Structure formats: C-alpha cells, structure tokens
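So this block is start20.txt, compact mmCIF, C-alpha atoms:
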```txt
# COMPACT_ATOMS: atom_id res chain seq x y z
CA MET A 1 13.67 70.56 55.64
CA ALA A 2 10.07 71.08 54.54
CA GLU A 3 11.23 72.63 51.28
CA LYS A 4 13.54 69.69 50.66
CA LYS A 5 10.63 67.31 51.23
CA ARG A 6 8.46 69.26 48.80
CA SER A 7 11.30 69.17 46.28
CA SER A 8 11.54 65.41 46.63
CA GLN A 9 7.80 65.07 45.96
CA TRP A 10 8.11 67.16 42.83
CA ARG A 11 11.01 64.96 41.69
CA VAL A 12 8.89 61.83 42.14
CA TRP A 13 6.10 63.36 40.08
CA HIS A 14 8.53 64.51 37.43
CA ARG A 15 10.16 61.08 37.24
CA TRP A 16 6.87 59.22 36.80
CA LEU A 17 5.52 61.72 34.31
CA SER A 18 8.77 61.40 32.33
CA LEU A 19 8.32 57.63 32.19
CA VAL A 20 4.71 57.90 31.03
CA PHE A 21 4.93 60.82 28.61
CA GLY A 22 8.62 60.90 27.71
CA LEU A 23 8.36 58.01 25.23
CA GLN A 24 5.53 59.72 23.34
CA MET A 25 7.59 62.91 23.18
CA VAL A 26 10.40 60.91 21.55
CA ILE A 27 7.86 59.44 19.11
CA TRP A 28 6.56 62.93 18.29
CA THR A 29 10.11 64.09 17.61
CA ILE A 30 11.02 61.16 15.36
CA SER A 31 7.71 61.13 13.47
CA GLY A 32 7.83 64.91 13.03
CA ALA A 33 11.36 64.68 11.66
CA TYR A 34 10.27 62.01 9.16
CA MET A 35 7.43 64.18 7.90
CA VAL A 36 9.66 67.26 7.63
CA PHE A 37 12.71 65.74 5.94
CA PHE A 38 10.84 63.81 3.22
CA ASP A 39 9.32 65.84 0.40
CA LEU A 40 5.53 65.52 0.42
CA ASP A 41 5.31 65.06 -3.36
CA TYR A 42 7.74 62.16 -3.04
CA ILE A 43 5.66 60.66 -0.24
CA HIS A 44 2.55 60.98 -2.42
CA GLY A 45 4.36 58.99 -5.12
CA ASP A 46 4.09 61.67 -7.82
CA HIS A 47 7.46 60.52 -9.17
CA LEU A 48 6.10 57.01 -9.75
CA VAL A 49 3.47 57.84 -12.36
CA GLN A 50 3.00 59.93 -15.47
CA ASP A 51 0.15 61.52 -17.37
CA VAL A 52 -1.01 59.14 -20.11
CA SER A 53 -3.87 61.24 -21.50
CA GLN A 54 -3.84 61.75 -25.26
CA PRO A 55 -5.94 63.99 -27.50
CA LEU A 56 -8.35 62.45 -29.96
CA PRO A 57 -7.09 62.58 -33.56
CA GLU A 58 -8.89 65.21 -35.61
CA GLY A 59 -11.80 63.91 -37.60
CA THR A 60 -12.43 60.89 -35.35
CA ASP A 61 -15.87 59.51 -36.10
CA VAL A 62 -18.01 59.04 -32.97
CA SER A 63 -21.68 58.62 -32.17
CA GLY A 64 -23.53 61.74 -31.09
CA LEU A 65 -24.66 62.54 -27.57
CA ASP A 66 -28.32 62.05 -28.49
CA LYS A 67 -27.69 58.40 -29.38
CA LEU A 68 -25.51 57.99 -26.30
CA LEU A 69 -28.20 59.31 -23.96
CA THR A 70 -30.88 57.25 -25.67
CA ARG A 71 -28.90 54.09 -24.99
CA TYR A 72 -27.74 55.12 -21.49
CA PRO A 73 -30.55 57.35 -20.12
CA GLU A 74 -29.19 57.07 -16.56
CA THR A 75 -26.13 59.12 -17.56
CA GLU A 76 -25.45 62.15 -15.37
CA LYS A 77 -22.13 63.16 -16.90
CA ALA A 78 -20.30 62.16 -20.09
CA SER A 79 -16.87 63.00 -21.44
CA LEU A 80 -15.24 62.03 -24.72
CA GLU A 81 -11.69 60.73 -24.26
CA ALA A 82 -8.99 58.75 -26.03
CA ARG A 83 -7.88 55.52 -24.39
CA ARG A 84 -5.21 53.09 -25.48
CA LEU A 85 -6.86 49.70 -25.20
CA ASP A 86 -5.84 46.44 -26.85
CA GLY A 87 -2.78 48.10 -28.33
CA LYS A 88 -4.56 50.92 -30.15
CA LEU A 89 -5.90 54.37 -29.40
CA GLN A 90 -9.68 54.30 -29.21
CA PRO A 91 -12.31 57.00 -28.72
CA VAL A 92 -14.42 56.26 -25.64
CA TYR A 93 -17.15 57.92 -23.66
CA LYS A 94 -16.62 57.95 -19.92
CA LEU A 95 -20.05 57.92 -18.33
CA LYS A 96 -21.06 58.67 -14.78
CA SER A 97 -24.37 57.75 -13.20
CA ASP A 98 -25.70 56.98 -9.74
CA LYS A 99 -24.35 53.46 -10.27
CA GLY A 100 -20.77 54.62 -10.83
CA GLU A 101 -18.49 55.22 -13.80
CA PHE A 102 -17.81 53.08 -16.87
CA LEU A 103 -16.56 53.31 -20.44
CA VAL A 104 -18.36 52.77 -23.71
CA ASN A 105 -16.96 52.59 -27.22
CA ALA A 106 -17.60 56.03 -28.74
CA LYS A 107 -18.47 54.51 -32.12
CA SER A 108 -20.55 51.42 -31.34
CA LEU A 109 -21.68 52.63 -27.89
CA ASP A 110 -21.05 49.15 -26.53
CA ARG A 111 -19.89 49.03 -22.94
CA ILE A 112 -16.17 48.27 -22.53
CA GLU A 113 -15.35 45.62 -19.96
CA ILE A 114 -11.97 46.27 -18.33
CA THR A 115 -10.09 42.98 -18.03
CA GLN A 116 -6.92 42.01 -16.19
CA HIS A 117 -5.07 42.25 -19.50
CA HIS A 118 -6.21 45.87 -19.85
CA ILE A 119 -5.20 46.60 -16.26
CA LYS A 120 -1.66 45.30 -16.78
CA ASN A 121 -1.18 47.40 -19.92
CA LEU A 122 -2.69 50.51 -18.34
CA ALA A 123 -0.59 50.14 -15.18
CA ASN A 124 2.59 49.89 -17.24
CA ARG A 125 1.63 53.07 -19.05
CA TYR A 126 0.99 54.91 -15.79
CA TYR A 127 4.23 53.63 -14.26
CA ALA A 128 6.93 56.26 -14.86
CA GLN A 129 10.02 54.63 -13.39
CA GLU A 130 12.57 52.50 -15.19
CA SER A 131 11.14 49.27 -16.34
CA ALA A 132 10.14 46.97 -13.48
CA ASP A 133 8.34 43.66 -13.54
CA ILE A 134 4.78 43.35 -12.33
CA GLU A 135 4.93 41.08 -9.31
CA SER A 136 1.21 40.47 -8.99
CA VAL A 137 -2.22 41.71 -10.03
CA VAL A 138 -4.99 41.36 -7.47
CA TYR A 139 -8.70 42.03 -7.89
CA MET A 140 -10.07 43.21 -4.54
CA THR A 141 -13.71 43.19 -3.56
CA ASP A 142 -13.35 43.23 0.23
CA ASN A 143 -10.82 43.45 3.08
CA PRO A 144 -8.58 46.09 1.45
CA PRO A 145 -5.15 46.86 2.94
CA THR A 146 -5.04 49.78 5.37
CA GLU A 147 -3.25 51.89 2.76
CA ILE A 148 -6.45 52.49 0.78
CA SER A 149 -10.00 53.43 1.63
CA GLU A 150 -12.69 50.78 1.57
CA THR A 151 -14.78 53.17 -0.56
CA LEU A 152 -12.51 52.41 -3.55
CA LEU A 153 -13.65 48.79 -3.70
CA PRO A 154 -13.85 46.90 -5.93
CA VAL A 155 -10.43 47.78 -7.30
CA TRP A 156 -7.43 46.32 -9.12
CA GLN A 157 -4.11 46.30 -7.25
CA VAL A 158 -0.98 46.09 -9.40
CA ASN A 159 2.23 45.41 -7.45
CA TYR A 160 5.68 46.13 -8.89
CA ASP A 161 8.96 44.46 -8.01
CA ASP A 162 10.91 47.69 -7.55
CA PHE A 163 12.83 49.56 -4.86
CA GLY A 164 9.74 51.06 -3.28
CA ASN A 165 7.44 48.03 -3.59
CA THR A 166 5.10 50.20 -5.62
CA SER A 167 1.38 49.40 -5.74
CA LEU A 168 -0.96 51.08 -8.22
CA TYR A 169 -4.70 50.90 -7.68
CA LEU A 170 -6.88 51.11 -10.79
CA SER A 171 -10.63 51.39 -11.23
CA GLU A 172 -12.29 48.14 -12.23
CA THR A 173 -14.71 49.91 -14.59
CA THR A 174 -12.60 52.65 -16.21
CA GLY A 175 -8.99 51.64 -15.64
CA ASP A 176 -8.31 55.08 -14.14
CA LEU A 177 -5.43 55.34 -11.71
CA LEU A 178 -7.02 55.96 -8.30
CA VAL A 179 -4.10 55.94 -5.86
CA LYS A 180 -0.45 54.92 -5.73
CA ARG A 181 1.45 53.60 -2.76
CA HIS A 182 5.06 52.79 -2.01
CA THR A 183 7.32 52.00 0.94
CA PHE A 184 7.93 55.59 1.97
CA TRP A 185 4.22 56.40 1.87
CA ARG A 186 3.57 53.40 4.09
CA GLY A 187 6.29 54.61 6.46
CA PHE A 188 4.69 58.07 6.48
CA ASP A 189 1.31 56.51 7.24
CA ILE A 190 2.75 54.74 10.27
CA VAL A 191 4.54 57.79 11.69
CA TRP A 192 1.44 59.91 11.04
CA MET A 193 -0.61 57.37 13.01
CA LEU A 194 1.91 57.54 15.87
CA HIS A 195 2.07 61.33 15.69
CA ILE A 196 -1.68 61.98 15.95
CA MET A 197 -2.30 58.87 18.09
CA ASP A 198 -5.21 57.67 15.96
CA TYR A 199 -4.42 53.97 15.78
CA ASP A 200 -7.60 52.99 13.94
CA GLU A 201 -8.49 55.17 10.94
CA ARG A 202 -5.40 57.44 11.13
CA VAL A 203 -7.32 60.59 10.23
CA ASP A 204 -8.60 62.05 13.51
CA ILE A 205 -6.28 64.76 14.83
CA GLU A 206 -8.49 65.37 17.87
CA THR A 207 -8.34 61.97 19.57
CA TRP A 208 -8.72 61.89 23.35
CA TRP A 209 -5.37 60.06 23.47
CA LEU A 210 -3.66 63.03 21.83
CA LYS A 211 -5.40 65.57 24.05
CA ALA A 212 -4.56 63.60 27.20
CA PHE A 213 -0.89 63.30 26.30
CA ILE A 214 -0.64 66.98 25.39
CA ILE A 215 -2.05 67.90 28.83
CA GLY A 216 0.28 65.38 30.48
CA THR A 217 3.26 66.85 28.63
CA PHE A 218 2.38 70.32 29.89
CA ILE A 219 2.20 68.97 33.44
CA LEU A 220 5.60 67.33 32.92
CA MET A 221 6.96 70.68 31.75
CA ILE A 222 5.53 72.44 34.83
CA THR A 223 7.13 69.94 37.23
CA GLY A 224 10.44 70.44 35.43
CA ILE A 225 10.18 74.22 35.79
CA VAL A 226 9.36 73.89 39.51
CA LEU A 227 12.36 71.61 40.06
CA LEU A 228 14.56 74.08 38.19
CA LEU A 229 13.38 76.90 40.49
CA TYR A 230 14.05 74.75 43.55
CA THR A 231 17.56 74.01 42.27
CA ILE A 232 18.34 77.67 41.61
CA THR A 233 16.98 78.66 45.05
CA PHE A 234 19.10 76.07 46.88
CA LYS A 235 22.24 77.07 45.01
CA ARG A 236 21.78 80.74 45.88
CA ARG A 237 21.00 80.14 49.56
CA PRO A 238 24.12 80.64 51.76
CA ILE A 239 25.43 77.62 53.60
CA GLY A 240 24.40 77.74 57.30
CA GLY A 241 26.07 80.53 59.25
CA ALA A 242 28.51 81.62 56.57
CA GLN A 243 29.10 85.38 56.38
```
This entry written out as structure tokens:
Amino acid sequence: MAEKKRSSQWRVWHRWLSLVFGLQMVIWTISGAYMVFFDLDYIHGDHLVQDVSQPLPEGTDVSGLDKLLTRYPETEKASLEARRLDGKLQPVYKLKSDKGEFLVNAKSLDRIEITQHHIKNLANRYYAQESADIESVVYMTDNPPTEISETLLPVWQVNYDDFGNTSLYLSETTGDLLVKRHTFWRGFDIVWMLHIMDYDERVDIETWWLKAFIIGTFILMITGIVLLLYTITFKRRPIGGAQ
C-alpha cells in the first residue's frame, strides 16, 4: 500500500512537470527541426544577392594617394574601387576614418553623396532573383526592426514585392549591402528565439530561462524513469497467494 502511495505521488509530480515543461520540449523539437531542414545558406539569403564588384578599366586616371590624404587627413584606410553610379562605371576611393566610411570621386576627390536614386539602382544590382518591383525604400535613423542591429543605423531599407518579402539594407554613405532579410530568415529568427529562450536580444544561449527548463526537463525524465521502474516491479510481483 505504501509503495502504491509513493507511486501515486510520483505520478502527480510527473503530470505537473509534463504540463510545465512538456510544451517547451515540443517547441524545442519543432524549432530544432526548422533549423535542421532548412539550408543555412538559404536562411542567410545568399541566393537573393549577387556580387556586383567590377575591376577598374586599365589606364583609368585617378588622383594619387598623397593628394587624397592631404584633402582627407583623417583617413585611416583607403581602397580604390569601381562603382556604377548614375548609370556609368566610376573610379571611387572608399575611405574609412573614426567617423565612419564614405566615398569620394577618385578623380576630383569630391565626396559622393549617396541618394535614394543611387540606393534604388544599387539594390537592383545586388538583387539576384528574377525581376521584382521595389515596394518601398525607407531611410532609417532610429527604431530599426528587430531583424537588424541598431549599430547599422542610419541605413537604407529597400523592400521587394517578391515571394520572400525580401529586404536589403544598404549603407547610407557607401551604398554597400550590409544585410539581407527574407521571410524564412525571419521565421528562423523566431524559432531561434524560442529555442534558446532569449526573448529580448535573441543572442544569449545561457539565459536563466534555458538553464531552468533544462534542469526541469531532467527532473521530468527522472520522474518518468521512476514510474517506469514502479510499473515493471508491479507487473513482475505475483498476485497475492498465487503459487
């Protein structure tokens, strides 16, 4: 009788633990399956964009580095590149300083201001899928969506009317493609948040929520093992008085 009572207590514990931790175990299973079955390169959106870099034509006339550094003495790093702006390939210097990155015309050394018109053309060049219309272009200076880091601000967001609701994020000063997002990435972000139980920044894989539920799941497993042992013991025990 005492053993039966102890068994009943274990069943109560197991039942309540199943209610509390069972749902999270289902979430772990579903979110884990999502992350396993979808190719990571696809999630990253590598199929959405293409490399648009082009070499400078031989013999391109540009101003020397001495003139560049005289005009922009704060420069920490400079690279000579070719950029297609305003419908033509132009030589530009990409400069980096403690104030950020920007472009200058490699001939005149005048700073190049990246406009919304430039952003639209650059985004369409980066975009590698079949032609899709740009749904909107948004210049963001604050309150970014959760799909990008606030450190990227200010930034241009270019949204496409396509199957994946693609969004490309371009630098406001260089037009460089910074990140790309689409529906399946957003889905991955949600299941990742649910999987690691970091509901704020979605990066911490050592949250106290996660640790607590892992411990609770182990306790649930232990109660299940104990109940299994009780069940096996009762089944093997001979019925009273039987020879």
Smallest atom-to-atom distance to Leu220 (chain A): which of A:Arg202, A:Phe184, A:Met25, A:Leu153, using only C-alpha atoms?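 Ranked by minimum distance to Leu220 (chain A), first place goes to A:Met25.
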Please report, as a tab-separated table, each residue of region 134-192 of chain A lying at most 12 Å from region 73-92 of chain A, together with the nearest pair of atoms and the separation in Å rounded to one decimal; use only C-alpha atoms, and order rows by chain and ascending residue number.
```
residue	atom	partner	partner_atom	distance
A:Thr174	CA	A:Arg83	CA	9.9
A:Gly175	CA	A:Arg83	CA	9.6
A:Asp176	CA	A:Arg83	CA	10.3
```
Selected residues written out with C-alpha atoms, as a tab-separated table (two decimals), keeping the file's coordinate frame:
```tsv
chain	number	residue	atom	x	y	z
A	174	THR	CA	-12.60	52.65	-16.21
A	175	GLY	CA	-8.99	51.64	-15.64
A	176	ASP	CA	-8.31	55.08	-14.14
```
So how many Å separate CA of Ser136 (chain A) and CA of Leu48 (chain A), to one decimal?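 Those two atoms sit 17.3 Å apart.
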Using all atoms listed in the file, pick whichever of A:Ile43, A:Leu210, A:Leu177, A:Leu228 has the shortest atom-to-atom distance to Gly164 (chain A).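 Ranked by minimum distance to Gly164 (chain A), first place goes to A:Ile43.
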What's the 7 Å shell around Phe21 (chain A), counting all atoms listed in the file, without same-chain residues fewer than 2 positions away, as a list of chain:residue names?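 Neighbouring residues, sequence-local ones excluded: A:Leu17, A:Ser18, A:Leu19, A:Leu23, A:Gln24, A:Met25, A:Phe213, A:Gly216, A:Thr217.
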Within 10 Å of Gln116 (chain A), counting only C-alpha atoms, which residues qualify if same-chain residues fewer than 2 places away don't, as a list of chain:residue names?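 Using only C-alpha atoms, the neighbours found are A:Glu113, A:Ile114, A:His118, A:Ile119, A:Lys120, A:Asn121, A:Leu122, A:Val137, A:Val138, A:Tyr139, A:Trp156, A:Val158, A:Glu172, A:Gly175.
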Determine the nearest neighbour of Gly45 (chain A) from the options A:Gln129, A:Thr151, A:Thr29, A:Thr207, counting only C-alpha atoms.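 Closest residue, counting only C-alpha atoms: A:Gln129.
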For CA of Asn165 (chain A) and CA of Leu103 (chain A), quote the distance in Å rounded to one decimal.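 Calculated distance between CA of Asn165 (chain A) and CA of Leu103 (chain A) is 29.8 Å.
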Interatomic distance (Å, one decimal) between CA of Val20 (chain A) and CA of Trp192 (chain A): 20.4 Å
Using only C-alpha atoms, find all polymer residues with an atom at most 9 Å away from the point (-23.5, 51.0, -30.6); report them as an mmCIF file with C-alpha atoms, keeping the file's coordinate frame.
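Written out: result_6.cif:
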```cif
data_model
loop_
_atom_site.group_PDB
_atom_site.id
_atom_site.type_symbol
_atom_site.label_atom_id
_atom_site.label_comp_id
_atom_site.auth_asym_id
_atom_site.auth_seq_id
_atom_site.Cartn_x
_atom_site.Cartn_y
_atom_site.Cartn_z
ATOM 1 C CA SER A 63 -21.680 58.620 -32.170
ATOM 2 C CA LYS A 67 -27.690 58.400 -29.380
ATOM 3 C CA LEU A 68 -25.510 57.990 -26.300
ATOM 4 C CA ARG A 71 -28.900 54.090 -24.990
ATOM 5 C CA VAL A 104 -18.360 52.770 -23.710
ATOM 6 C CA ASN A 105 -16.960 52.590 -27.220
ATOM 7 C CA ALA A 106 -17.600 56.030 -28.740
ATOM 8 C CA LYS A 107 -18.470 54.510 -32.120
ATOM 9 C CA SER A 108 -20.550 51.420 -31.340
ATOM 10 C CA LEU A 109 -21.680 52.630 -27.890
ATOM 11 C CA ASP A 110 -21.050 49.150 -26.530
ATOM 12 C CA ARG A 111 -19.890 49.030 -22.940
#
```
Please write out, as JSON, where the centre of an axis-aligned box around all listed atoms of region 18-28 of chain A lies and how long its edges are, in Å to one decimal, after adding 8 Å on each side.
```
{"center_x": 7.6, "center_y": 60.3, "center_z": 25.3, "size_x": 21.7, "size_y": 21.3, "size_z": 30.0}
```
May I ask which of the residues A:His195, A:Glu201, A:Lys99, A:Ile215 is the closest one to Ala33 (chain A), counting all atoms listed in the file?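 For Ala33 (chain A), the nearest of the candidates is A:His195.
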Output region 190-206 of chain A with N, CA and C atoms present, as a CSV table (one decimal), in the frame of the given file.
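File written: rebuild_8.csv
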```csv
chain,number,residue,atom,x,y,z
A,190,ILE,N,2.5,55.2,8.9
A,190,ILE,CA,2.8,54.7,10.3
A,190,ILE,C,3.2,55.9,11.2
A,191,VAL,N,4.1,56.7,10.8
A,191,VAL,CA,4.5,57.8,11.7
A,191,VAL,C,3.4,58.8,11.9
A,192,TRP,N,2.6,59.0,10.9
A,192,TRP,CA,1.4,59.9,11.0
A,192,TRP,C,0.5,59.3,12.1
A,193,MET,N,0.2,58.0,12.0
A,193,MET,CA,-0.6,57.4,13.0
A,193,MET,C,0.0,57.6,14.4
A,194,LEU,N,1.3,57.4,14.6
A,194,LEU,CA,1.9,57.5,15.9
A,194,LEU,C,1.9,59.0,16.3
A,195,HIS,N,2.0,59.9,15.4
A,195,HIS,CA,2.1,61.3,15.7
A,195,HIS,C,0.7,61.9,16.2
A,196,ILE,N,-0.4,61.5,15.5
A,196,ILE,CA,-1.7,62.0,16.0
A,196,ILE,C,-2.4,61.0,16.9
A,197,MET,N,-1.8,59.9,17.1
A,197,MET,CA,-2.3,58.9,18.1
A,197,MET,C,-3.7,58.4,17.7
A,198,ASP,N,-4.0,58.3,16.4
A,198,ASP,CA,-5.2,57.7,16.0
A,198,ASP,C,-4.8,56.3,15.4
A,199,TYR,N,-5.0,55.3,16.2
A,199,TYR,CA,-4.4,54.0,15.8
A,199,TYR,C,-5.4,53.1,15.0
A,200,ASP,N,-6.6,53.7,14.7
A,200,ASP,CA,-7.6,53.0,13.9
A,200,ASP,C,-7.7,53.5,12.5
A,201,GLU,N,-8.3,54.6,12.3
A,201,GLU,CA,-8.5,55.2,10.9
A,201,GLU,C,-7.4,56.1,10.5
A,202,ARG,N,-6.6,56.6,11.4
A,202,ARG,CA,-5.4,57.4,11.1
A,202,ARG,C,-5.8,58.8,10.5
A,203,VAL,N,-6.9,59.3,10.8
A,203,VAL,CA,-7.3,60.6,10.2
A,203,VAL,C,-7.7,61.6,11.3
A,204,ASP,N,-8.1,61.2,12.5
A,204,ASP,CA,-8.6,62.0,13.5
A,204,ASP,C,-7.4,62.7,14.3
A,205,ILE,N,-7.3,64.0,14.1
A,205,ILE,CA,-6.3,64.8,14.8
A,205,ILE,C,-6.8,65.3,16.1
A,206,GLU,N,-8.0,64.9,16.6
A,206,GLU,CA,-8.5,65.4,17.9
A,206,GLU,C,-8.9,64.2,18.8
```
